[in-house]
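S.K.: Just work_14.cif, nothing more (mmCIF, C-alpha atoms and all ligand atoms):
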```
data_model
loop_
_atom_site.label_atom_id
_atom_site.label_comp_id
_atom_site.auth_asym_id
_atom_site.auth_seq_id
_atom_site.Cartn_x
_atom_site.Cartn_y
_atom_site.Cartn_z
CA MET A 1110 216.25 -36.94 17.67
CA MET A 1111 212.94 -37.11 15.83
CA LEU A 1112 213.12 -37.81 12.12
CA SER A 1113 210.07 -37.76 9.95
CA PHE A 1114 208.88 -37.23 6.42
CA ARG A 1115 207.86 -33.64 6.11
CA CYS A 1116 207.36 -30.99 3.53
CA PHE A 1117 210.14 -28.45 4.05
CA LEU A 1118 210.53 -25.15 2.31
CA PHE A 1119 213.83 -23.37 2.18
CA SER A 1120 215.88 -20.96 0.17
CA THR A 1121 219.11 -21.56 -1.68
CA SER A 1122 221.68 -18.95 -2.66
CA SER A 1123 220.65 -19.14 -6.30
CA PRO A 1124 218.48 -16.17 -7.28
CA SER A 1125 216.37 -18.29 -9.60
CA SER A 1126 215.52 -20.83 -6.93
CA TYR A 1127 214.50 -18.83 -3.92
CA PHE A 1128 212.27 -21.61 -2.69
CA SER A 1129 212.31 -25.36 -2.89
CA ILE A 1130 210.25 -28.16 -1.50
CA PHE A 1131 211.87 -31.37 -0.43
CA LEU A 1132 210.53 -34.64 0.87
CA PRO A 1133 213.85 -36.11 1.94
CA LYS A 1134 214.42 -39.60 3.19
CA PRO A 1135 214.41 -39.73 6.98
CA HIS A 1136 218.14 -40.48 7.27
CA SER A 1137 219.16 -37.54 5.10
CA PHE A 1138 216.59 -35.06 6.31
CA LEU A 1139 218.28 -33.03 9.05
CA PRO A 1140 221.86 -32.67 7.75
CA PHE A 1141 220.61 -31.80 4.29
CA THR A 1142 218.25 -29.02 5.28
CA PHE A 1143 220.69 -27.58 7.82
CA SER A 1144 223.54 -27.40 5.33
CA GLN A 1145 221.30 -25.78 2.74
CA LYS A 1146 220.22 -23.13 5.20
CA LEU A 1147 223.74 -22.44 6.40
CA GLY A 1148 224.91 -22.18 2.81
CA SER A 1149 222.26 -19.63 2.12
CA TYR A 1150 223.09 -17.54 5.18
CA THR A 1151 226.86 -17.64 4.91
CA THR A 1152 227.00 -16.83 1.22
CA SER A 1153 224.68 -13.88 1.60
CA SER A 1154 226.76 -10.70 1.24
CA SER A 1155 224.17 -8.87 3.28
CA ALA A 1156 224.25 -11.20 6.26
CA GLN A 1157 226.16 -8.87 8.59
CA SER A 1158 225.56 -5.43 7.15
CA MET A 1159 221.84 -5.18 6.37
CA PRO A 1160 219.72 -6.27 9.32
CA SER A 1161 216.50 -4.66 8.05
CA LYS A 1162 215.78 -6.43 4.82
CA LEU A 1163 212.21 -7.42 5.61
CA LEU A 1164 209.64 -5.48 3.64
CA PHE A 1165 206.42 -5.47 5.63
CA ARG A 1166 202.92 -4.10 5.02
CA GLN A 1167 199.82 -4.48 7.17
CA LEU A 1168 196.63 -4.39 5.10
CA PHE A 1169 193.01 -4.24 6.29
CA GLU A 1170 189.69 -5.59 4.98
CA LYS A 1171 187.01 -3.59 6.71
CA GLU A 1172 183.91 -5.80 6.31
CA SER A 1173 185.44 -8.66 8.27
CA SER A 1174 187.99 -6.51 10.13
CA THR A 1175 190.71 -8.82 8.80
CA TYR A 1176 194.40 -8.03 8.60
CA THR A 1177 196.38 -9.35 5.65
CA TYR A 1178 200.16 -9.17 5.88
CA LEU A 1179 202.60 -8.75 3.02
CA LEU A 1180 206.19 -9.79 3.71
CA ALA A 1181 209.13 -9.89 1.33
CA ASP A 1182 212.90 -10.22 1.33
CA ALA A 1183 213.68 -6.80 -0.11
CA LEU A 1184 217.40 -7.50 -0.56
CA HIS A 1185 216.99 -10.69 -2.53
CA PRO A 1186 217.36 -10.13 -6.30
CA GLU A 1187 213.84 -11.46 -6.98
CA LYS A 1188 212.20 -9.97 -3.88
CA PRO A 1189 210.24 -13.11 -3.04
CA ALA A 1190 207.07 -12.28 -1.12
CA LEU A 1191 204.19 -13.92 0.69
CA LEU A 1192 200.75 -12.90 1.86
CA ILE A 1193 199.32 -14.08 5.18
CA ASP A 1194 195.53 -14.34 5.44
CA PRO A 1195 194.49 -12.63 2.19
CA VAL A 1196 190.75 -11.93 1.79
CA ASP A 1197 188.94 -12.59 -1.51
CA LYS A 1198 187.47 -9.06 -1.58
CA THR A 1199 190.85 -7.35 -1.39
CA VAL A 1200 192.91 -9.61 -3.65
CA ASP A 1201 193.11 -7.02 -6.43
CA ARG A 1202 194.35 -4.36 -4.01
CA ASP A 1203 196.95 -6.73 -2.58
CA LEU A 1204 198.22 -7.92 -5.97
CA ALA A 1205 198.44 -4.34 -7.23
CA LEU A 1206 200.63 -3.50 -4.24
CA VAL A 1207 202.83 -6.54 -4.89
CA LYS A 1208 203.29 -5.32 -8.45
CA GLU A 1209 203.96 -1.70 -7.50
CA LEU A 1210 206.64 -2.78 -5.04
CA GLY A 1211 208.30 -5.02 -7.65
CA LEU A 1212 207.83 -8.18 -5.59
CA LYS A 1213 207.46 -11.78 -6.73
CA LEU A 1214 204.61 -13.37 -4.82
CA VAL A 1215 205.45 -17.00 -4.07
CA TYR A 1216 203.13 -18.04 -1.23
CA ALA A 1217 199.59 -17.27 -0.10
CA ILE A 1218 199.26 -18.54 3.45
CA ASN A 1219 196.43 -19.00 5.92
CA THR A 1220 196.72 -19.13 9.69
CA HIS A 1221 193.54 -21.27 9.83
CA VAL A 1222 190.25 -22.06 8.11
CA HIS A 1223 188.49 -18.73 8.56
CA ALA A 1224 184.80 -18.64 9.48
CA ASP A 1225 183.98 -15.00 8.79
CA HIS A 1226 185.32 -14.35 5.27
CA VAL A 1227 186.41 -16.23 2.18
CA THR A 1228 190.17 -16.55 1.87
CA GLY A 1229 191.85 -14.94 -1.13
CA THR A 1230 194.33 -17.77 -1.67
CA GLY A 1231 192.36 -19.57 -4.38
CA LEU A 1232 191.61 -16.35 -6.25
CA ILE A 1233 195.27 -15.31 -6.07
CA LYS A 1234 196.25 -18.63 -7.66
CA THR A 1235 193.93 -18.00 -10.60
CA LYS A 1236 195.58 -14.60 -11.15
CA VAL A 1237 199.19 -15.57 -10.38
CA PRO A 1238 199.42 -19.27 -11.21
CA ASP A 1239 202.92 -19.81 -9.77
CA VAL A 1240 201.79 -18.91 -6.27
CA LYS A 1241 201.52 -21.85 -3.87
CA SER A 1242 198.86 -21.88 -1.17
CA ILE A 1243 199.85 -23.02 2.31
CA ILE A 1244 197.86 -24.08 5.35
CA SER A 1245 198.53 -26.34 8.33
CA LYS A 1246 198.18 -30.08 7.88
CA ALA A 1247 196.08 -30.12 11.05
CA SER A 1248 193.45 -27.92 9.38
CA ASN A 1249 192.47 -30.78 7.04
CA ALA A 1250 191.87 -28.13 4.38
CA LYS A 1251 193.09 -28.26 0.79
CA ALA A 1252 196.18 -26.33 -0.27
CA ASP A 1253 199.29 -26.84 -2.38
CA LEU A 1254 201.54 -27.23 0.66
CA PHE A 1255 200.92 -28.27 4.23
CA VAL A 1256 202.96 -27.19 7.20
CA GLU A 1257 203.52 -28.72 10.60
CA PRO A 1258 204.99 -27.38 13.84
CA GLY A 1259 208.69 -26.59 13.46
CA ASP A 1260 208.57 -26.20 9.68
CA LYS A 1261 210.14 -23.10 8.21
CA ILE A 1262 208.68 -21.31 5.22
CA TYR A 1263 211.52 -19.53 3.44
CA PHE A 1264 211.18 -16.49 1.20
CA GLY A 1265 214.69 -15.41 0.29
CA ASP A 1266 216.85 -15.45 3.42
CA ILE A 1267 213.91 -14.84 5.73
CA PHE A 1268 211.60 -17.50 7.08
CA LEU A 1269 208.40 -18.01 9.02
CA GLU A 1270 208.60 -20.67 11.69
CA VAL A 1271 205.37 -22.62 12.18
CA ARG A 1272 204.00 -22.98 15.71
CA ALA A 1273 200.86 -24.98 16.48
CA THR A 1274 198.35 -22.83 18.36
CA PRO A 1275 195.07 -24.80 18.34
CA GLY A 1276 192.07 -23.78 20.42
CA HIS A 1277 190.22 -21.27 18.22
CA THR A 1278 190.21 -24.02 15.59
CA LEU A 1279 191.98 -27.37 15.62
CA GLY A 1280 194.38 -26.38 12.85
CA CYS A 1281 195.36 -22.85 13.95
CA VAL A 1282 199.03 -21.98 13.62
CA THR A 1283 201.15 -18.95 14.46
CA TYR A 1284 203.93 -17.90 12.09
CA VAL A 1285 207.03 -16.33 13.64
CA THR A 1286 209.66 -14.47 11.60
CA GLY A 1287 213.33 -15.34 11.65
CA ASP A 1288 216.38 -15.13 9.44
CA GLY A 1289 219.10 -17.24 11.01
CA PRO A 1290 222.21 -15.41 12.22
CA ASN A 1291 220.72 -12.12 11.15
CA GLN A 1292 217.68 -12.52 13.41
CA LEU A 1293 215.12 -9.83 12.76
CA GLN A 1294 214.76 -7.68 15.85
CA PRO A 1295 212.18 -7.71 17.15
CA ARG A 1296 210.54 -10.89 15.91
CA MET A 1297 207.01 -10.74 14.55
CA ALA A 1298 204.34 -13.29 15.42
CA PHE A 1299 201.36 -13.65 13.10
CA THR A 1300 198.92 -15.14 15.54
CA GLY A 1301 195.80 -15.56 13.41
CA ASP A 1302 192.81 -15.73 15.75
CA ALA A 1303 194.67 -17.52 18.55
CA LEU A 1304 195.78 -14.26 20.13
CA LEU A 1305 194.06 -10.97 19.32
CA ILE A 1306 195.16 -7.64 20.78
CA ARG A 1307 193.60 -7.56 24.25
CA GLY A 1308 191.47 -10.54 23.22
CA CYS A 1309 191.57 -13.93 21.57
CA GLY A 1310 189.65 -16.06 19.11
CA ARG A 1311 186.36 -17.57 20.21
CA THR A 1312 186.36 -21.27 21.00
CA ASP A 1313 182.74 -22.27 20.39
CA PHE A 1314 183.00 -23.89 16.92
CA GLN A 1315 185.42 -25.50 14.41
CA GLY A 1316 186.86 -27.83 17.03
CA GLY A 1317 187.47 -24.92 19.39
CA SER A 1318 188.60 -25.53 22.97
CA SER A 1319 189.31 -22.87 25.59
CA ASP A 1320 191.48 -25.37 27.46
CA LYS A 1321 193.65 -25.90 24.34
CA LEU A 1322 193.74 -22.22 23.43
CA TYR A 1323 195.02 -21.25 26.87
CA ASP A 1324 197.80 -23.85 26.65
CA SER A 1325 198.65 -22.86 23.07
CA VAL A 1326 199.04 -19.18 23.81
CA HIS A 1327 200.95 -19.73 27.04
CA SER A 1328 203.32 -22.35 25.62
CA GLN A 1329 203.82 -21.15 22.04
CA ILE A 1330 203.35 -17.37 22.11
CA PHE A 1331 203.96 -16.13 25.65
CA THR A 1332 207.29 -17.99 25.64
CA LEU A 1333 208.59 -15.81 22.79
CA PRO A 1334 210.78 -12.81 23.70
CA LYS A 1335 208.63 -10.11 25.29
CA ASP A 1336 209.42 -7.59 22.56
CA THR A 1337 208.03 -9.92 19.86
CA LEU A 1338 205.48 -7.96 17.87
CA VAL A 1339 202.00 -9.49 17.81
CA TYR A 1340 200.10 -9.18 14.55
CA PRO A 1341 196.64 -10.81 14.71
CA ALA A 1342 194.24 -11.76 11.92
CA HIS A 1343 191.53 -9.41 13.19
CA ASP A 1344 190.99 -6.35 15.22
CA TYR A 1345 187.61 -4.94 16.21
CA LYS A 1346 188.79 -2.06 18.39
CA GLY A 1347 191.24 -0.10 16.25
CA PHE A 1348 194.48 -1.72 17.40
CA THR A 1349 197.14 -2.58 14.85
CA VAL A 1350 200.00 -4.21 16.74
CA SER A 1351 200.94 -5.32 20.23
CA THR A 1352 203.80 -7.19 21.86
CA VAL A 1353 204.04 -10.48 23.69
CA GLY A 1354 205.00 -8.67 26.90
CA GLU A 1355 202.06 -6.30 26.61
CA GLU A 1356 199.56 -9.11 26.07
CA MET A 1357 201.00 -11.15 28.96
CA LEU A 1358 200.27 -8.19 31.22
CA TYR A 1359 197.15 -6.62 29.81
CA ASN A 1360 195.22 -9.22 27.81
CA PRO A 1361 191.95 -9.29 29.77
CA ARG A 1362 191.44 -12.99 29.02
CA LEU A 1363 194.82 -14.66 28.69
CA SER A 1364 196.57 -12.86 31.55
CA LYS A 1365 194.18 -14.70 33.91
CA ASP A 1366 194.51 -18.24 35.30
CA LYS A 1367 193.14 -21.06 33.18
CA GLU A 1368 189.86 -21.57 35.06
CA THR A 1369 189.01 -17.87 34.89
CA PHE A 1370 189.90 -17.88 31.19
CA LYS A 1371 187.63 -20.86 30.51
CA ASN A 1372 184.81 -19.16 32.37
CA ILE A 1373 185.26 -15.97 30.33
CA MET A 1374 185.23 -17.94 27.07
CA GLN A 1375 182.08 -19.82 28.07
CA ASN A 1376 180.23 -16.58 28.59
CA LEU A 1377 181.18 -14.54 25.52
CA ASN A 1378 177.70 -14.93 24.01
CA LEU A 1379 178.84 -13.95 20.52
CA SER A 1380 176.56 -14.50 17.55
CA TYR A 1381 177.97 -16.73 14.82
CA PRO A 1382 179.83 -14.91 12.04
CA LYS A 1383 177.39 -13.82 9.34
CA MET A 1384 179.32 -15.57 6.56
CA MET A 1385 180.14 -18.74 8.46
CA ASP A 1386 178.00 -21.15 6.40
CA VAL A 1387 179.59 -19.91 3.17
CA ALA A 1388 183.08 -19.21 4.45
CA VAL A 1389 183.95 -22.47 6.21
CA PRO A 1390 183.13 -24.89 3.35
CA SER A 1391 184.77 -22.54 0.86
CA ASN A 1392 187.90 -22.12 2.96
CA MET A 1393 188.24 -25.87 3.38
CA VAL A 1394 189.16 -25.78 -0.32
CA CYS A 1395 191.18 -22.54 -0.06
CA GLY A 1396 188.44 -20.38 -1.54
CA LEU A 1397 188.66 -21.31 -5.21
CA GLN A 1398 191.32 -23.98 -4.79
CA GLU A 1399 190.99 -26.77 -7.33
CA THR A 1400 190.29 -30.10 -5.65
N1 LIG B 1 180.80 -10.29 13.88
C1 LIG B 1 181.69 -10.96 12.98
C2 LIG B 1 182.36 -12.14 13.64
C3 LIG B 1 183.10 -11.78 14.86
C4 LIG B 1 183.81 -13.01 15.38
O1 LIG B 1 183.19 -13.96 15.81
N2 LIG B 1 185.14 -13.00 15.28
C5 LIG B 1 185.92 -14.15 15.59
C6 LIG B 1 187.13 -14.17 14.70
S1 LIG B 1 186.67 -14.51 13.04
S2 LIG B 1 186.42 -16.50 13.17
C7 LIG B 1 186.38 -14.20 17.02
O2 LIG B 1 187.01 -15.16 17.41
N3 LIG B 1 186.07 -13.19 17.83
C8 LIG B 1 186.47 -13.18 19.20
C9 LIG B 1 185.93 -11.99 19.90
O3 LIG B 1 186.14 -11.91 21.11
O4 LIG B 1 185.33 -11.12 19.25
C10 LIG B 1 180.94 -11.50 11.77
O5 LIG B 1 179.73 -11.59 11.80
O6 LIG B 1 181.61 -11.88 10.81
FE FE B 2 188.82 -17.50 12.83
#
```
Would you mind writing the file's structure down as structure tokens?
Ligand SMILES: N[C@@H](CCC(=O)N[C@@H](CSS)C(=O)NCC(=O)O)C(=O)O
Ligand SMILES: [Fe+2]
M.R.:
Amino acid sequence: MMLSFRCFLFSTSSPSSYFSIFLPKPHSFLPFTFSQKLGSYTTSSSAQSMPSKLLFRQLFEKESSTYTYLLADALHPEKPALLIDPVDKTVDRDLALVKELGLKLVYAINTHVHADHVTGTGLIKTKVPDVKSIISKASNAKADLFVEPGDKIYFGDIFLEVRATPGHTLGCVTYVTGDGPNQLQPRMAFTGDALLIRGCGRTDFQGGSSDKLYDSVHSQIFTLPKDTLVYPAHDYKGFTVSTVGEEMLYNPRLSKDKETFKNIMQNLNLSYPKMMDVAVPSNMVCGLQET
């Protein structure tokens, strides 16, 4: 059994404390977090009767073709919510939607350090100071909270499980939905740029590696149930959602063997993103994140 110091985020059954962050001592780490989670699930009156409590919106920023995702626990009294991959240019739209839907935004999360647009996480924090920014520890970027593989980010009774999917960048992660005994069916995987619909993220900068990306997708995404919905960070062809099973069969890059995949990735001949020189340094500090 591996015990380590980690930043864990989880809900409790108290409406006023829908998220908490603990740095427990190694010996108390596992039993403590498990019992908290079980307490939350078993005391929830909705656990058996209301399987569809996830509020979900897919939002689009057209200049960078970026998807931002809004998720919330709609049955929780405070409707805690999070945004995945917000873009600076569409922060006002996203926050207006949060307000209209009566949600309480608690986290602004990135799948990786983006190279093509400035993240909205820093700007969101200036407008909603209680919001915590989250990124993977492996990204080496600044944020309020850092996640590692296996961590769970709770918002109400729902969580995102963190899976390491490096290859597009070193610190790329995929977030997979779950809610304990009341498992959301089907699961949703927010794959960032690791897996795009019928494509994948490029591997020619930011510590990219086609070898790593192939292994990441095959071991961390293609092992999920085939009906898992795939929601990427970008789409350039008009797609909005796919499934793991569909991508395993029809992804023109990742359905191939590793050597063919590496050859494809070596010959993409894409020009660098127009905003790369501005976006990467800015996103290393979460857009406007204070250092
Ligand atoms: N033309 C766009 C950048 C397009 C691009 O490079 N997209 C990235 C994801 S954003 S880091 C990518 O990995 N694309 C893979 C592909 O196959 O298209 C711009 O100038 O911003
Ligand atoms: Fe990217």
S.K.: Output the neighbourhood of ligand LIG 1 (chain B) as a PDB file with C-alpha atoms, in the coordinates of the input, that is, all protein and nucleic acid residues with some atom at most 7 Å from the ligand, counting only C-alpha atoms and all ligand atoms.
M.R.:
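Below is the file pocket_31.pdb, written as the result:
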```
ATOM      1  CA  SER A1173     185.440  -8.660   8.270  1.00  0.00           C
ATOM      2  CA  HIS A1223     188.490 -18.730   8.560  1.00  0.00           C
ATOM      3  CA  ALA A1224     184.800 -18.640   9.480  1.00  0.00           C
ATOM      4  CA  ASP A1225     183.980 -15.000   8.790  1.00  0.00           C
ATOM      5  CA  HIS A1277     190.220 -21.270  18.220  1.00  0.00           C
ATOM      6  CA  ASP A1302     192.810 -15.730  15.750  1.00  0.00           C
ATOM      7  CA  GLY A1308     191.470 -10.540  23.220  1.00  0.00           C
ATOM      8  CA  CYS A1309     191.570 -13.930  21.570  1.00  0.00           C
ATOM      9  CA  GLY A1310     189.650 -16.060  19.110  1.00  0.00           C
ATOM     10  CA  ARG A1311     186.360 -17.570  20.210  1.00  0.00           C
ATOM     11  CA  HIS A1343     191.530  -9.410  13.190  1.00  0.00           C
ATOM     12  CA  LEU A1379     178.840 -13.950  20.520  1.00  0.00           C
ATOM     13  CA  SER A1380     176.560 -14.500  17.550  1.00  0.00           C
ATOM     14  CA  TYR A1381     177.970 -16.730  14.820  1.00  0.00           C
ATOM     15  CA  PRO A1382     179.830 -14.910  12.040  1.00  0.00           C
ATOM     16  CA  LYS A1383     177.390 -13.820   9.340  1.00  0.00           C
ATOM     17  CA  MET A1384     179.320 -15.570   6.560  1.00  0.00           C
TER      18      MET A1384
END
```
S.K.: Have a look at A:Ser1351, A:Asn1392, A:Thr1332, A:Thr1286 and name the one nearest to ligand FE 2 (chain B); count all atoms listed in the file.
M.R.: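 Counting all atoms listed in the file, the residue closest to ligand FE 2 (chain B) is A:Asn1392.
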S.K.: Output the neighbourhood of ligand FE 2 (chain B) as a PyMOL selection string, that is, all protein and nucleic acid residues with some atom at most 12 Å from the ligand, counting all atoms listed in the file.
M.R.: chain A and resi 1173-1176+1194+1219-1228+1248+1275-1282+1300-1305+1309-1317+1341-1344+1381-1382+1384-1385+1388-1389+1392
S.K.: For stretch 1253-1258 of chain A, work out the shell of residues within 7 Å, counting all atoms listed in the file and skipping chain neighbours fewer than 6 positions away, then give it as a ChimeraX atom specification.
M.R.: /A:1116,1241-1246,1271-1273
S.K.: Write out the residues from the selection above, keeping C-alpha atoms, as a JSON list (two decimals), in the coordinates of the input.
M.R.:
```
[["chain", "number", "residue", "atom", "x", "y", "z"],
["A", 1116, "CYS", "CA", 207.36, -30.99, 3.53],
["A", 1241, "LYS", "CA", 201.52, -21.85, -3.87],
["A", 1242, "SER", "CA", 198.86, -21.88, -1.17],
["A", 1243, "ILE", "CA", 199.85, -23.02, 2.31],
["A", 1244, "ILE", "CA", 197.86, -24.08, 5.35],
["A", 1245, "SER", "CA", 198.53, -26.34, 8.33],
["A", 1246, "LYS", "CA", 198.18, -30.08, 7.88],
["A", 1271, "VAL", "CA", 205.37, -22.62, 12.18],
["A", 1272, "ARG", "CA", 204.00, -22.98, 15.71],
["A", 1273, "ALA", "CA", 200.86, -24.98, 16.48]]
```
S.K.: Just to confirm, what's the straight-line distance from atom CA of A:Thr1283 to atom CA of A:Glu1356 in Å (one decimal)?
M.R.: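 Going from atom CA of A:Thr1283 over to atom CA of A:Glu1356 covers 15.3 Å.
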S.K.: Name all residues at most 10 Å from A:Ile1373 (count all atoms listed in the file; drop same-chain ones fewer than 5 positions away) and give them as an MDAnalysis selection string.
M.R.: chainID A and resid 1319 1361:1363 1365 1367:1368 1378
S.K.: With C-alpha atoms retained, could you export that selection as a compact mmCIF listing (two decimals), keeping the file's coordinate frame?
M.R.:
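Wrote part16.txt, looks like this:
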```
# COMPACT_ATOMS: atom_id res chain seq x y z
CA SER A 1319 189.31 -22.87 25.59
CA PRO A 1361 191.95 -9.29 29.77
CA ARG A 1362 191.44 -12.99 29.02
CA LEU A 1363 194.82 -14.66 28.69
CA LYS A 1365 194.18 -14.70 33.91
CA LYS A 1367 193.14 -21.06 33.18
CA GLU A 1368 189.86 -21.57 35.06
CA ASN A 1378 177.70 -14.93 24.01
```
S.K.: To one decimal in Å, tell me the separation between atom CA of A:Glu1170 and atom CA of A:Val1326.
M.R.: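 Separating atom CA of A:Glu1170 from atom CA of A:Val1326 is a distance of 25.0 Å.
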S.K.: Hey, which of A:Leu1338, A:Met1374, A:Ala1183, A:Ile1218 ends up closest to A:Leu1322? Count only C-alpha atoms.
M.R.: A:Met1374
